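See below for the structure under consideration.
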Amino acid sequence: MIKPLVAAVALALAGSAFAQTYPTKSIRIIAPFAPGGGTDFIARVAAQKLTEALGQQVIVDNRPGAGGSLGAELGAKSPPDGYTYTLIAGSYAVNPSLYKLHFDPVTDITPVIQLSQGPFLIVCHPALPVKNIKELIALAKAKPNGLIFASSGQGSIVHLATELFADMAGVKMIHVPYKGTGPALTDTISGQTQLLWGSIATTLPQVKNGRLRSIAVSTGKRIEALPQVPTVDESGLKGYDVILWHGLIAPRGLPRPILDRVNGELNKILKQKEMQEKLSGDGVTAAGGTPEQFGALIRKDIDTWRRVVQKAGVKPE
């Protein structure tokens with residue numbers, strides 16, 4: 001019994017020493033979307049802070065395509081040596097239900113940390129005669145397929161979050177997909193469509209200038225930026241809780257000492273006031289936590305969106 005114990009201690013000490021010398025060269029964070037979006041922004045903020053914390057350059061490599069699946073696959077198939085990570089968004093949990101992936105989104109990765117979290121702000125055109133979720137559901141039930149909601153694309157997380165709401169509320173609405181959040185927002189403001197589940201960063205300015213009306217936030221708890229806006233859950237649709245999130249993953253087999261080092265550094269970074277202010281400017285808050293907690297979130301969301309896709313019959317474009 002002594003020899004195995006000695007070996008285990010020696011291995012732990014060796015791993016600890018290895019983690020302290022890591023990294024010895026530059027690190028890459030794959031951002032599976034084009035430059036300029038929310039995922040790219042968070043990837044660059046994380047890269048800047050990790051560069052300072054680890055003493056090696058951390059670069060962002062944008063690899064857009066297939067709703068983020070191309071970049072995620074590239075990251076999953078990279079060597080698990082601690083020099084390639086992938087910045088994923090909530091859409092990562094949607095893609096397995098819509099696309100034929102060439103990697104397993106659960107078993108082929110190592111969850112590192114959840115970086116951010118935030119709600120959808122559910123907004124409507126001011127002409128729509130509803131001011132809360134109860135009134136919205138009542139109107140939708142009175143006029144089946146009489147309300148039109150916009151989304152950033154067929155099978156997008158915006159689309160599925162709205163389909164989940166409709167299913168839980170027992171209502172039918174018409175979906176109009178757009179190629180991105182910008183045109184979906186524009187047509188909701190103009191009244192071509194009536195409802196939109198949007199990020200705080202994109203919708204809040206339009207609420208403040210009166211072009212849109214806020215109805216609720218999608219998360220289980222109210223947010224500090226809009227304390228007066230209730231959640232969907234407390235407005236009567238119990239159990240509805242949709243979180244917009246970003247996080248960092250690595251290939252399967254990342255050594256635990258490196259995982260713990262990067263997770264620890266990022267948890268410290270996320271507690272910094274400067275980092276929290278940068279994230280709040282993008283309409284989200286810092287998350288943090290353990291790799292295991294992030295892995296559980298990924299698995300839960302994959303199961304949730306699979307059920308929504310199947311029940312609503314959603315097909316990719």
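Ordering of the structure tokens sets the chain letters (A, B, ...); residue numbers start at 1 within each chain; ligands are numbered from 1 in the order shown.
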Which of stretch 90-218 of chain A counts as strand (DSSP E or B) under DSSP, as a PyMOL selection string please?
-> chain A and resi 109-118+120-124+148-151+174-177+195-199+213-217
Would you give me, as CSV, each residue of stretch 211-299 of chain A having an atom within 9 Å of an atom of stretch 73-83 of chain A, along with its shortest atom pair and that distance in Å to one decimal, using only C-alpha atoms and sorting by chain and residue number?
```
residue,atom,partner,partner_atom,distance
A:Ile249,CA,A:Gly75,CA,8.3
A:Ala250,CA,A:Ala76,CA,6.6
A:Pro251,CA,A:Ala76,CA,4.5
A:Arg252,CA,A:Pro80,CA,6.4
A:Gly253,CA,A:Pro80,CA,5.6
A:Leu254,CA,A:Pro80,CA,4.7
A:Pro255,CA,A:Asp81,CA,7.4
A:Ile258,CA,A:Gly82,CA,6.5
A:Leu259,CA,A:Gly82,CA,7.9
A:Val262,CA,A:Gly82,CA,8.9
```
Within 9 Å of A:Ile27, counting only C-alpha atoms, which residues show up once you throw out same-chain ones fewer than 4 positions away? Write them as a list in words, please.
->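 The residues satisfying every condition are Pro23, Ala47, Thr51, Gln56, Gln57, Val58, Ile59, Val60, Gly82, Tyr83, Thr84 and Tyr85 of chain A.
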Separation of atom CA of A:Gly71 and atom CA of A:Ile30, in Å?
->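 Atom CA of A:Ile30 lies 6.5 Å from atom CA of A:Gly71.
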What is the distance between atom CA of A:Ile189 and atom CA of A:Ala201, in Å to one decimal?
->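 Computing it gives 15.4 Å between the two atoms.
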